[in-house]
$ cat my_file17.csv   # CSV, C-alpha atoms
chain,number,residue,atom,x,y,z
A,26,MET,CA,-25.1,7.2,-30.0
A,27,GLY,CA,-27.1,7.0,-26.7
A,28,GLY,CA,-25.0,4.0,-25.5
A,29,GLY,CA,-22.9,6.1,-23.2
A,30,LEU,CA,-25.9,7.8,-21.7
A,31,ASN,CA,-27.8,4.5,-21.2
A,32,ARG,CA,-24.7,3.0,-19.5
A,33,TRP,CA,-24.7,5.9,-17.0
A,34,SER,CA,-28.5,5.5,-16.6
A,35,PHE,CA,-27.9,1.8,-15.8
A,36,PHE,CA,-25.7,2.7,-12.9
A,37,GLY,CA,-28.3,5.1,-11.6
A,38,ALA,CA,-27.8,8.5,-10.0
A,39,SER,CA,-27.9,7.1,-6.5
A,40,ASN,CA,-25.2,4.5,-7.2
A,41,ILE,CA,-23.0,7.2,-8.8
A,42,ALA,CA,-23.6,9.5,-5.8
A,43,SER,CA,-22.9,6.6,-3.5
A,44,ALA,CA,-19.6,5.7,-5.3
A,45,LEU,CA,-18.6,9.4,-5.2
A,46,LYS,CA,-19.3,9.7,-1.5
A,47,ARG,CA,-17.5,6.4,-0.8
A,48,SER,CA,-14.5,7.6,-2.8
A,49,GLY,CA,-14.6,10.9,-1.0
A,50,ASN,CA,-14.6,9.1,2.4
A,51,GLN,CA,-11.8,6.8,1.4
A,52,PHE,CA,-9.8,9.7,0.1
A,53,VAL,CA,-10.4,11.9,3.1
A,54,THR,CA,-9.5,8.9,5.4
A,55,MET,CA,-6.2,8.7,3.5
A,56,LEU,CA,-5.4,12.4,3.6
A,57,PRO,CA,-4.6,13.0,7.3
A,58,MET,CA,-2.0,10.3,7.3
A,59,LEU,CA,-0.6,11.5,4.0
A,60,ILE,CA,-0.4,15.1,5.2
A,61,GLY,CA,1.2,14.0,8.4
A,62,VAL,CA,3.8,11.9,6.5
A,63,VAL,CA,4.5,14.8,4.1
A,64,LEU,CA,5.0,17.2,7.1
A,65,LEU,CA,7.1,14.6,8.8
A,66,ILE,CA,9.3,14.2,5.7
A,67,GLY,CA,9.7,18.0,5.7
A,68,LEU,CA,11.0,17.8,9.2
A,69,PHE,CA,13.1,14.9,8.3
A,70,ASN,CA,14.6,16.9,5.5
A,71,ALA,CA,15.4,19.8,7.8
A,72,LEU,CA,16.6,17.9,10.8
A,73,VAL,CA,18.2,14.7,9.7
A,74,PRO,CA,21.5,15.0,7.9
A,75,ALA,CA,22.3,12.5,5.1
A,76,GLU,CA,25.2,11.2,7.2
A,77,SER,CA,22.9,9.8,9.8
A,78,LEU,CA,21.0,7.7,7.2
A,79,ALA,CA,24.3,6.6,5.7
A,80,SER,CA,25.2,5.1,9.1
A,81,LEU,CA,22.0,3.0,9.0
A,82,PHE,CA,22.2,2.0,5.3
A,83,THR,CA,25.8,1.0,4.7
A,84,GLY,CA,25.7,0.5,1.0
A,85,ASN,CA,25.8,-3.3,1.4
A,86,ALA,CA,23.0,-4.5,-1.0
A,87,ILE,CA,22.0,-7.5,1.2
A,88,LEU,CA,22.1,-5.6,4.5
A,89,ASP,CA,20.4,-2.5,3.2
A,90,THR,CA,17.7,-4.6,1.7
A,91,LEU,CA,17.2,-6.4,5.0
A,92,TRP,CA,17.0,-3.0,6.8
A,93,GLY,CA,14.5,-1.7,4.2
A,94,ALA,CA,12.4,-4.9,4.7
A,95,CYS,CA,12.4,-4.4,8.5
A,96,PHE,CA,11.3,-0.8,8.3
A,97,GLY,CA,8.5,-1.7,5.8
A,98,SER,CA,7.3,-4.5,8.0
A,99,ILE,CA,7.0,-2.2,11.0
A,100,LEU,CA,5.7,1.0,9.4
A,101,ALA,CA,2.0,1.0,8.4
A,102,GLY,CA,-0.4,3.1,6.3
A,103,ASN,CA,-1.4,3.8,2.8
A,104,PRO,CA,1.1,2.6,0.1
A,105,VAL,CA,1.4,6.1,-1.2
A,106,ASN,CA,3.2,7.0,2.0
A,107,SER,CA,5.8,4.3,1.3
A,108,TYR,CA,6.4,5.9,-2.1
A,109,VAL,CA,6.8,9.3,-0.6
A,110,ILE,CA,9.2,8.0,2.1
A,111,GLY,CA,11.0,5.8,-0.4
A,112,GLY,CA,11.5,8.8,-2.8
A,113,GLU,CA,12.8,11.0,-0.1
A,114,LEU,CA,15.2,8.2,1.2
A,115,LEU,CA,16.5,7.9,-2.4
A,116,LYS,CA,17.2,11.6,-2.5
A,117,ARG,CA,19.1,11.2,0.8
A,118,GLY,CA,21.4,8.6,-0.8
A,119,VAL,CA,19.8,5.4,0.4
A,120,SER,CA,20.1,2.5,-2.0
A,121,LEU,CA,17.3,1.5,-4.3
A,122,PHE,CA,17.6,-2.0,-2.9
A,123,ALA,CA,16.5,-0.8,0.6
A,124,VAL,CA,13.8,1.4,-0.8
A,125,THR,CA,12.3,-1.4,-2.9
A,126,ALA,CA,12.3,-3.8,0.0
A,127,LEU,CA,10.6,-1.1,2.1
A,128,ILE,CA,7.9,-0.5,-0.5
A,129,ILE,CA,7.2,-4.2,-1.0
A,130,THR,CA,7.0,-5.1,2.7
A,131,TRP,CA,5.0,-2.0,3.5
A,132,VAL,CA,1.9,-3.7,2.1
A,133,THR,CA,2.7,-7.4,2.1
A,134,VAL,CA,4.0,-7.6,5.7
A,135,GLY,CA,2.2,-6.0,8.5
A,136,LEU,CA,3.2,-6.3,12.2
A,137,VAL,CA,0.5,-3.8,13.1
A,138,GLN,CA,-2.4,-5.8,11.7
A,139,LEU,CA,-0.9,-9.2,12.6
A,140,PRO,CA,-3.3,-9.8,15.6
A,141,ALA,CA,-6.3,-9.0,13.4
A,142,GLU,CA,-5.0,-11.3,10.6
A,143,MET,CA,-4.4,-14.1,13.2
A,144,ALA,CA,-7.9,-13.7,14.5
A,145,ALA,CA,-9.5,-13.8,11.1
A,146,LEU,CA,-7.4,-16.4,9.2
A,147,GLY,CA,-5.6,-18.3,12.0
A,148,LYS,CA,-2.3,-17.9,13.8
A,149,ARG,CA,-0.5,-20.4,11.6
A,150,PHE,CA,-1.7,-18.8,8.3
A,151,ALA,CA,-0.9,-15.2,9.5
A,152,LEU,CA,2.6,-16.0,10.8
A,153,LEU,CA,3.5,-18.2,7.8
A,154,ARG,CA,2.2,-15.7,5.3
A,155,ASN,CA,4.0,-12.7,6.9
A,156,ALA,CA,7.2,-14.7,7.3
A,157,ILE,CA,7.2,-15.9,3.6
A,158,CYS,CA,6.4,-12.3,2.4
A,159,PHE,CA,9.3,-10.9,4.4
A,160,ILE,CA,11.7,-13.5,3.0
A,161,LEU,CA,10.4,-13.0,-0.6
A,162,SER,CA,10.8,-9.2,-0.4
A,163,ILE,CA,14.6,-9.6,-0.3
A,164,PRO,CA,15.2,-11.5,-3.6
A,165,ILE,CA,12.4,-9.4,-5.2
A,166,ALA,CA,14.1,-6.2,-4.3
A,167,LEU,CA,17.5,-7.4,-5.4
A,168,LEU,CA,16.1,-8.8,-8.7
A,169,ALA,CA,14.2,-5.6,-9.4
A,170,VAL,CA,17.2,-3.3,-9.0
A,171,VAL,CA,19.5,-5.6,-11.0
A,172,THR,CA,16.9,-5.9,-13.8
A,173,LEU,CA,16.5,-2.1,-13.8
A,174,ASN,CA,20.2,-1.6,-14.0
A,175,ILE,CA,20.4,-4.0,-16.9
A,176,ILE,CA,17.5,-2.4,-18.8
A,177,VAL,CA,18.2,1.3,-18.0
A,178,GLY,CA,22.0,1.0,-17.6
B,4,MET,CA,-26.2,-2.6,-9.3
B,5,SER,CA,-24.6,-2.8,-5.9
B,6,CYS,CA,-21.1,-1.4,-6.3
B,7,VAL,CA,-19.5,-1.2,-3.0
B,8,ASN,CA,-16.3,-1.5,-1.0
B,9,ARG,CA,-17.9,-1.7,2.4
B,10,GLY,CA,-15.8,-0.7,5.4
B,11,SER,CA,-13.0,0.5,3.3
B,12,GLY,CA,-13.3,4.2,4.0
B,13,ARG,CA,-13.2,4.4,7.8
B,14,GLU,CA,-10.2,2.3,8.9
B,15,THR,CA,-6.6,2.2,8.1
B,16,LYS,CA,-4.2,-0.8,7.7
B,17,GLY,CA,-4.3,-1.4,11.4
B,18,GLY,CA,-8.0,-0.8,11.7
B,19,ARG,CA,-7.7,2.4,13.6
B,20,PRO,CA,-10.7,4.7,13.5
B,21,LEU,CA,-10.6,8.0,11.6
B,22,LYS,CA,-10.3,10.2,14.8
B,23,ARG,CA,-7.1,8.4,15.8
B,24,ILE,CA,-5.7,8.9,12.3
B,25,GLY,CA,-6.3,12.6,12.6
B,26,LEU,CA,-4.1,12.7,15.7
B,27,PHE,CA,-1.0,11.8,13.7
B,28,PRO,CA,-0.8,15.1,11.7
B,29,ILE,CA,-1.9,17.0,14.8
B,30,PHE,CA,1.1,15.6,16.7
B,31,VAL,CA,3.4,16.5,13.7
B,32,LEU,CA,2.0,20.0,13.6
B,33,LEU,CA,2.5,20.3,17.4
B,34,PHE,CA,6.2,19.3,16.8
B,35,TYR,CA,6.4,22.0,14.1
B,36,GLY,CA,5.1,24.5,16.7
B,37,ILE,CA,7.7,23.5,19.3
B,38,LEU,CA,10.4,23.6,16.6
B,39,TYR,CA,9.3,27.1,15.5
B,40,ALA,CA,9.6,28.3,19.0
B,41,ALA,CA,13.1,26.8,19.4
B,42,ALA,CA,14.5,27.3,15.8
B,43,PRO,CA,12.2,29.3,13.5
B,44,ASN,CA,14.5,29.0,10.5
B,45,THR,CA,14.6,25.2,10.7
B,46,ALA,CA,10.8,25.0,11.0
B,47,LEU,CA,10.4,27.2,7.9
B,48,ILE,CA,12.9,25.1,5.9
B,49,ALA,CA,10.9,22.0,6.9
B,50,LEU,CA,7.6,23.6,6.0
B,51,ARG,CA,8.9,24.7,2.5
B,52,ALA,CA,10.2,21.1,1.9
B,53,SER,CA,6.7,19.8,2.8
B,54,VAL,CA,5.0,22.2,0.4
B,55,LYS,CA,7.4,21.1,-2.4
B,56,ILE,CA,6.5,17.4,-1.7
B,57,SER,CA,2.8,18.2,-1.7
B,58,VAL,CA,3.0,19.9,-5.1
B,59,THR,CA,4.9,16.8,-6.5
B,60,ILE,CA,2.1,14.4,-5.5
B,61,GLY,CA,-0.9,16.8,-6.1
B,62,VAL,CA,-1.7,15.8,-9.7
B,63,PRO,CA,-1.2,12.0,-9.3
B,64,LEU,CA,-3.5,12.2,-6.2
B,65,ALA,CA,-6.2,13.8,-8.4
B,66,LEU,CA,-5.9,10.8,-10.8
B,67,VAL,CA,-6.1,8.5,-7.8
B,68,PHE,CA,-9.4,9.9,-6.8
B,69,ALA,CA,-10.8,9.5,-10.3
B,70,VAL,CA,-9.9,5.8,-10.5
B,71,MET,CA,-11.1,5.1,-6.9
B,72,PHE,CA,-14.5,6.5,-8.0
B,73,PHE,CA,-14.7,4.1,-11.0
B,74,LEU,CA,-13.6,1.1,-8.9
B,75,ASN,CA,-16.2,1.9,-6.3
B,76,LEU,CA,-18.8,2.2,-9.0
B,77,LEU,CA,-18.0,-1.1,-10.7
B,78,VAL,CA,-16.5,-3.6,-8.2
B,79,SER,CA,-17.8,-5.0,-4.9
B,80,PRO,CA,-16.2,-7.5,-2.4
B,81,PRO,CA,-18.9,-10.2,-2.9
B,82,GLN,CA,-18.3,-10.0,-6.7
B,83,ILE,CA,-14.6,-10.6,-6.2
B,84,ALA,CA,-15.4,-13.4,-3.7
B,85,GLY,CA,-17.4,-15.2,-6.3
B,86,LEU,CA,-14.4,-15.4,-8.7
B,87,PHE,CA,-12.2,-17.7,-6.8
B,88,GLY,CA,-12.5,-20.8,-4.6
B,89,LYS,CA,-10.7,-23.9,-3.3
B,90,GLY,CA,-9.3,-26.2,-5.9
B,91,ALA,CA,-9.4,-23.6,-8.7
B,92,GLY,CA,-5.7,-24.3,-9.4
B,93,GLY,CA,-3.9,-22.0,-11.7
B,94,LYS,CA,-7.1,-20.3,-12.8
B,95,GLY,CA,-7.9,-19.6,-9.2
B,96,MET,CA,-4.5,-18.1,-8.6
B,97,LEU,CA,-4.8,-15.8,-11.6
B,98,LEU,CA,-8.3,-14.7,-10.5
B,99,SER,CA,-6.9,-14.1,-7.0
B,100,ILE,CA,-4.1,-11.9,-8.6
B,101,ALA,CA,-6.7,-9.9,-10.5
B,102,ALA,CA,-9.0,-9.6,-7.4
B,103,GLY,CA,-6.1,-8.5,-5.2
B,104,ILE,CA,-5.1,-5.8,-7.7
B,105,ILE,CA,-8.6,-4.3,-8.2
B,106,SER,CA,-9.5,-4.5,-4.5
B,107,MET,CA,-9.5,-1.2,-2.6
B,108,GLY,CA,-9.3,0.1,1.0
B,109,PRO,CA,-7.2,-1.1,3.9
B,110,ILE,CA,-6.2,-4.8,4.2
B,111,PHE,CA,-8.0,-5.0,7.5
B,112,ALA,CA,-11.4,-4.4,5.8
B,113,TRP,CA,-10.9,-7.6,3.7
B,114,TYR,CA,-10.2,-10.0,6.6
B,115,PRO,CA,-13.9,-10.8,7.3
B,116,LEU,CA,-14.4,-11.6,3.7
B,117,MET,CA,-11.3,-13.7,3.5
B,118,LYS,CA,-12.4,-15.5,6.7
B,119,LYS,CA,-15.8,-16.2,5.2
B,120,MET,CA,-14.3,-17.4,1.9
B,121,ARG,CA,-11.9,-19.7,3.8
B,122,GLU,CA,-14.8,-21.2,5.8
B,123,GLU,CA,-16.6,-21.7,2.5
B,124,GLY,CA,-13.7,-23.7,1.1
B,125,ALA,CA,-11.3,-21.2,-0.4
B,126,GLY,CA,-7.7,-22.4,-0.3
B,127,GLU,CA,-4.8,-20.8,1.7
B,128,GLY,CA,-2.9,-20.2,-1.6
B,129,PRO,CA,-5.5,-18.0,-3.3
B,130,ILE,CA,-6.2,-16.0,-0.1
B,131,ALA,CA,-2.4,-15.4,0.3
B,132,VAL,CA,-2.1,-14.4,-3.4
B,133,PHE,CA,-5.1,-12.0,-3.0
B,134,LEU,CA,-3.6,-10.3,0.0
B,135,TYR,CA,-0.1,-10.1,-1.6
B,136,ASN,CA,-1.4,-8.5,-4.8
B,137,ARG,CA,-2.9,-5.7,-2.8
B,138,ALA,CA,0.6,-4.3,-3.1
B,139,VAL,CA,-0.2,-3.7,-6.8
B,140,LYS,CA,-2.6,-0.7,-6.9
B,141,PRO,CA,-3.3,0.6,-10.4
B,142,PHE,CA,-4.9,3.8,-9.0
B,143,ILE,CA,-1.8,4.8,-7.1
B,144,LEU,CA,0.7,3.8,-9.7
B,145,PRO,CA,0.8,7.4,-11.1
B,146,VAL,CA,2.3,8.5,-7.7
B,147,MET,CA,4.8,5.7,-7.8
B,148,ILE,CA,5.7,6.5,-11.4
B,149,ALA,CA,6.2,10.2,-10.4
B,150,TYR,CA,8.7,9.1,-7.8
B,151,PHE,CA,10.5,6.2,-9.4
B,152,GLY,CA,9.8,6.2,-13.2
B,153,TRP,CA,8.1,3.9,-15.6
B,154,ALA,CA,10.8,1.2,-15.9
B,155,TYR,CA,11.1,0.7,-12.2
B,156,VAL,CA,7.4,0.5,-11.6
B,157,VAL,CA,6.8,-2.0,-14.4
B,158,ILE,CA,9.7,-4.2,-13.1
B,159,VAL,CA,8.5,-4.1,-9.4
B,160,THR,CA,4.9,-4.7,-10.5
B,161,VAL,CA,5.8,-7.8,-12.6
B,162,LEU,CA,8.1,-9.2,-9.8
B,163,THR,CA,5.4,-8.6,-7.2
B,164,ILE,CA,2.9,-10.6,-9.2
B,165,LEU,CA,5.4,-13.4,-9.8
B,166,GLY,CA,6.3,-13.3,-6.1
B,167,SER,CA,2.6,-13.6,-5.2
B,168,LEU,CA,2.5,-16.9,-7.2
B,169,ALA,CA,5.6,-18.2,-5.3
B,170,LEU,CA,3.8,-17.3,-2.1
B,171,GLY,CA,0.5,-18.9,-3.2
B,172,TYR,CA,2.1,-22.2,-4.2
B,173,SER,CA,4.3,-22.3,-1.1
B,174,MET,CA,1.2,-21.8,1.1
B,175,THR,CA,-0.7,-24.4,-0.8
B,176,ILE,CA,2.1,-27.0,-0.5
B,177,ILE,CA,2.6,-26.2,3.2
B,178,SER,CA,-1.1,-26.4,4.0
B,179,ARG,CA,-1.3,-29.8,2.2
B,180,ASP,CA,1.4,-31.0,4.6
$ encode --input "my_file17.csv" --output "structure tokens"
Amino acid sequence: MGGGLNRWSFFGASNIASALKRSGNQFVTMLPMLIGVVLLIGLFNALVPAESLASLFTGNAILDTLWGACFGSILAGNPVNSYVIGGELLKRGVSLFAVTALIITWVTVGLVQLPAEMAALGKRFALLRNAICFILSIPIALLAVVTLNIIVG
Amino acid sequence: MSCVNRGSGRETKGGRPLKRIGLFPIFVLLFYGILYAAAPNTALIALRASVKISVTIGVPLALVFAVMFFLNLLVSPPQIAGLFGKGAGGKGMLLSIAAGIISMGPIFAWYPLMKKMREEGAGEGPIAVFLYNRAVKPFILPVMIAYFGWAYVVIVTVLTILGSLALGYSMTIISRD
């Protein structure tokens, strides 16, 4: 009966408060970027016509996936932002191939943090890892959409 | 019980301090101001679209906070570091996948730990697998599901994990050479 209470006692009030504070800090850190992205997408919706995007993403699965992977590698921030941007791009008629590649490379490839990664783990490791991740994102995106189409129809 | 994710709350993916992150929405708001002065109707349409998006992600974000709290309470970077090392083979790869998935905060915050682990004998494969699986974040999956649906999220998650293994073994083979 008292197991649950003992478990919380085991963590201690200070640890719980500390975890709560840390979570709050992490969340608050994430929010400005997210708010900025949401506002930017609002602007994007109002200012950018779908035709402009259509000129970038041609409908060619391979080429669109490559474009998506390029944007994901350059753009940085919380993964949630990539979902928001990806969701909005889908509404604009961009293919799921491109959006999937963008979502995958958003976290796995990072040009922004490349200098830091090279400093910590070595130039060879960082360049090789990012290059392989970029290449991998293309078959993964293609496979994901093809599998989804087979399953969902 | 030390339950921490040190350094994960004050930097972004690129390691930028909190003050600089705050500049981004300020610049966007500034642009809204300029747009409002030039074309008030367009600015209002943009603002309405933003509010609609905020409502869509509100509930999933509340869930994100709850899971972040429990992960902060239960998991620490040193605990994760103790789970995998060099020569661990398939078991090490699987542990790296799990560690990458449950880790939190920006990728930059984990570089010092990865560097330390590498110096202490961790292989390139497990480190690459760990970093790749940071793309799978259970606590933000509700947001992804809200946008793309269950089927898509499950497929992408499984393929990401399989892709991480391909990356890990590639890195291991290349590092042997």
$ closest_residue --input "my_file17.csv" --among "A:Ala151, A:Ile87, A:Cys95, A:Leu65" --to "A:Glu113" --atoms "only C-alpha atoms"
A:Leu65
$ closest_residue --input "my_file17.csv" --among "B:Ala149, B:Ala125, B:Ala42, B:Val31" --to "chain A" --atoms "only C-alpha atoms"
B:Val31
$ closest_residue --input "my_file17.csv" --among "B:Pro129, B:Asn44, B:Ile143, B:Leu76" --to "A:Tyr108" --atoms "only C-alpha atoms"
B:Ile143
$ atom_distance --input "my_file17.csv" --atom1 "atom CA of B:Asn136" --atom2 "atom CA of B:Ile104"
5.4 Å
$ closest_residue --input "my_file17.csv" --among "A:Leu146, A:Leu81, A:Ile41, A:Ile60" --to "B:Ile130" --atoms "only C-alpha atoms"
A:Leu146
$ residues_around --input "my_file17.csv" --residues "A:Gly97" --least-positions-apart "3" --cutoff "12 Å" --atoms "all atoms listed in the file" --output "ChimeraX atom specification"
/A:90-94,100-104,106-108,110-111,123-137,155,158-159,162-163
$ atom_distance --input "my_file17.csv" --atom1 "atom CA of B:Ser53" --atom2 "atom CA of B:Ile148"
19.5 Å
$ interface_residues --input "my_file17.csv" --of "chain A" --to "chain B" --cutoff "7 Å" --atoms "all atoms listed in the file" --output "mmCIF file with C-alpha atoms, in the frame of the given file"
data_model
loop_
_atom_site.group_PDB
_atom_site.id
_atom_site.type_symbol
_atom_site.label_atom_id
_atom_site.label_comp_id
_atom_site.auth_asym_id
_atom_site.auth_seq_id
_atom_site.Cartn_x
_atom_site.Cartn_y
_atom_site.Cartn_z
ATOM 1 C CA PHE A 36 -25.700 2.700 -12.900
ATOM 2 C CA ILE A 41 -23.000 7.200 -8.800
ATOM 3 C CA ALA A 44 -19.600 5.700 -5.300
ATOM 4 C CA LEU A 45 -18.600 9.400 -5.200
ATOM 5 C CA ARG A 47 -17.500 6.400 -0.800
ATOM 6 C CA SER A 48 -14.500 7.600 -2.800
ATOM 7 C CA ASN A 50 -14.600 9.100 2.400
ATOM 8 C CA GLN A 51 -11.800 6.800 1.400
ATOM 9 C CA PHE A 52 -9.800 9.700 0.100
ATOM 10 C CA THR A 54 -9.500 8.900 5.400
ATOM 11 C CA PRO A 57 -4.600 13.000 7.300
ATOM 12 C CA MET A 58 -2.000 10.300 7.300
ATOM 13 C CA ILE A 60 -0.400 15.100 5.200
ATOM 14 C CA GLY A 61 1.200 14.000 8.400
ATOM 15 C CA VAL A 63 4.500 14.800 4.100
ATOM 16 C CA LEU A 64 5.000 17.200 7.100
ATOM 17 C CA LEU A 65 7.100 14.600 8.800
ATOM 18 C CA ILE A 66 9.300 14.200 5.700
ATOM 19 C CA GLY A 67 9.700 18.000 5.700
ATOM 20 C CA LEU A 68 11.000 17.800 9.200
ATOM 21 C CA ASN A 70 14.600 16.900 5.500
ATOM 22 C CA ALA A 71 15.400 19.800 7.800
ATOM 23 C CA ALA A 101 2.000 1.000 8.400
ATOM 24 C CA GLY A 102 -0.400 3.100 6.300
ATOM 25 C CA VAL A 105 1.400 6.100 -1.200
ATOM 26 C CA TYR A 108 6.400 5.900 -2.100
ATOM 27 C CA GLY A 112 11.500 8.800 -2.800
ATOM 28 C CA ILE A 129 7.200 -4.200 -1.000
ATOM 29 C CA VAL A 132 1.900 -3.700 2.100
ATOM 30 C CA THR A 133 2.700 -7.400 2.100
ATOM 31 C CA VAL A 137 0.500 -3.800 13.100
ATOM 32 C CA GLN A 138 -2.400 -5.800 11.700
ATOM 33 C CA GLU A 142 -5.000 -11.300 10.600
ATOM 34 C CA ALA A 145 -9.500 -13.800 11.100
ATOM 35 C CA LEU A 146 -7.400 -16.400 9.200
ATOM 36 C CA ARG A 154 2.200 -15.700 5.300
ATOM 37 C CA ILE A 157 7.200 -15.900 3.600
ATOM 38 C CA LEU A 161 10.400 -13.000 -0.600
ATOM 39 C CA ILE A 165 12.400 -9.400 -5.200
ATOM 40 C CA ALA A 169 14.200 -5.600 -9.400
ATOM 41 C CA LEU A 173 16.500 -2.100 -13.800
#
$ atom_distance --input "my_file17.csv" --atom1 "atom CA of A:Ala86" --atom2 "atom CA of A:Phe122"
6.2 Å
$ build_atoms --input "my_file17.csv" --residues "stretch 156-169 of chain A" --atoms "N, CA, C and O atoms" --output "PDB file, in the coordinates of the input"
ATOM      1  N   ALA A 156       5.843 -14.286   7.296  1.00  0.00           N
ATOM      2  CA  ALA A 156       7.200 -14.700   7.300  1.00  0.00           C
ATOM      3  C   ALA A 156       7.694 -14.942   5.798  1.00  0.00           C
ATOM      4  O   ALA A 156       8.770 -14.469   5.394  1.00  0.00           O
ATOM      5  N   ILE A 157       6.861 -15.632   5.014  1.00  0.00           N
ATOM      6  CA  ILE A 157       7.200 -15.900   3.600  1.00  0.00           C
ATOM      7  C   ILE A 157       7.307 -14.562   2.833  1.00  0.00           C
ATOM      8  O   ILE A 157       8.214 -14.364   2.031  1.00  0.00           O
ATOM      9  N   CYS A 158       6.356 -13.653   3.109  1.00  0.00           N
ATOM     10  CA  CYS A 158       6.400 -12.300   2.400  1.00  0.00           C
ATOM     11  C   CYS A 158       7.639 -11.568   2.736  1.00  0.00           C
ATOM     12  O   CYS A 158       8.210 -10.925   1.853  1.00  0.00           O
ATOM     13  N   PHE A 159       8.064 -11.616   4.004  1.00  0.00           N
ATOM     14  CA  PHE A 159       9.300 -10.900   4.400  1.00  0.00           C
ATOM     15  C   PHE A 159      10.495 -11.494   3.662  1.00  0.00           C
ATOM     16  O   PHE A 159      11.297 -10.756   3.092  1.00  0.00           O
ATOM     17  N   ILE A 160      10.583 -12.823   3.667  1.00  0.00           N
ATOM     18  CA  ILE A 160      11.700 -13.500   3.000  1.00  0.00           C
ATOM     19  C   ILE A 160      11.703 -13.190   1.497  1.00  0.00           C
ATOM     20  O   ILE A 160      12.735 -12.878   0.909  1.00  0.00           O
ATOM     21  N   LEU A 161      10.485 -13.252   0.890  1.00  0.00           N
ATOM     22  CA  LEU A 161      10.400 -13.000  -0.600  1.00  0.00           C
ATOM     23  C   LEU A 161      10.770 -11.585  -0.953  1.00  0.00           C
ATOM     24  O   LEU A 161      11.286 -11.377  -2.059  1.00  0.00           O
ATOM     25  N   SER A 162      10.546 -10.633  -0.049  1.00  0.00           N
ATOM     26  CA  SER A 162      10.800  -9.200  -0.400  1.00  0.00           C
ATOM     27  C   SER A 162      12.290  -8.995  -0.720  1.00  0.00           C
ATOM     28  O   SER A 162      12.613  -8.114  -1.521  1.00  0.00           O
ATOM     29  N   ILE A 163      13.165  -9.787  -0.106  1.00  0.00           N
ATOM     30  CA  ILE A 163      14.600  -9.600  -0.300  1.00  0.00           C
ATOM     31  C   ILE A 163      15.057  -9.967  -1.735  1.00  0.00           C
ATOM     32  O   ILE A 163      15.605  -9.124  -2.446  1.00  0.00           O
ATOM     33  N   PRO A 164      14.772 -11.208  -2.197  1.00  0.00           N
ATOM     34  CA  PRO A 164      15.200 -11.500  -3.600  1.00  0.00           C
ATOM     35  C   PRO A 164      14.411 -10.648  -4.614  1.00  0.00           C
ATOM     36  O   PRO A 164      14.984 -10.288  -5.645  1.00  0.00           O
ATOM     37  N   ILE A 165      13.156 -10.282  -4.304  1.00  0.00           N
ATOM     38  CA  ILE A 165      12.400  -9.400  -5.200  1.00  0.00           C
ATOM     39  C   ILE A 165      13.073  -8.067  -5.377  1.00  0.00           C
ATOM     40  O   ILE A 165      13.257  -7.555  -6.483  1.00  0.00           O
ATOM     41  N   ALA A 166      13.469  -7.485  -4.243  1.00  0.00           N
ATOM     42  CA  ALA A 166      14.100  -6.200  -4.300  1.00  0.00           C
ATOM     43  C   ALA A 166      15.454  -6.235  -5.024  1.00  0.00           C
ATOM     44  O   ALA A 166      15.744  -5.367  -5.860  1.00  0.00           O
ATOM     45  N   LEU A 167      16.228  -7.283  -4.738  1.00  0.00           N
ATOM     46  CA  LEU A 167      17.500  -7.400  -5.400  1.00  0.00           C
ATOM     47  C   LEU A 167      17.341  -7.604  -6.913  1.00  0.00           C
ATOM     48  O   LEU A 167      17.995  -6.948  -7.720  1.00  0.00           O
ATOM     49  N   LEU A 168      16.387  -8.478  -7.270  1.00  0.00           N
ATOM     50  CA  LEU A 168      16.100  -8.800  -8.700  1.00  0.00           C
ATOM     51  C   LEU A 168      15.591  -7.528  -9.418  1.00  0.00           C
ATOM     52  O   LEU A 168      15.971  -7.271 -10.565  1.00  0.00           O
ATOM     53  N   ALA A 169      14.740  -6.762  -8.737  1.00  0.00           N
ATOM     54  CA  ALA A 169      14.200  -5.600  -9.400  1.00  0.00           C
ATOM     55  C   ALA A 169      15.240  -4.547  -9.708  1.00  0.00           C
ATOM     56  O   ALA A 169      15.261  -4.017 -10.833  1.00  0.00           O
TER      57      ALA A 169
END
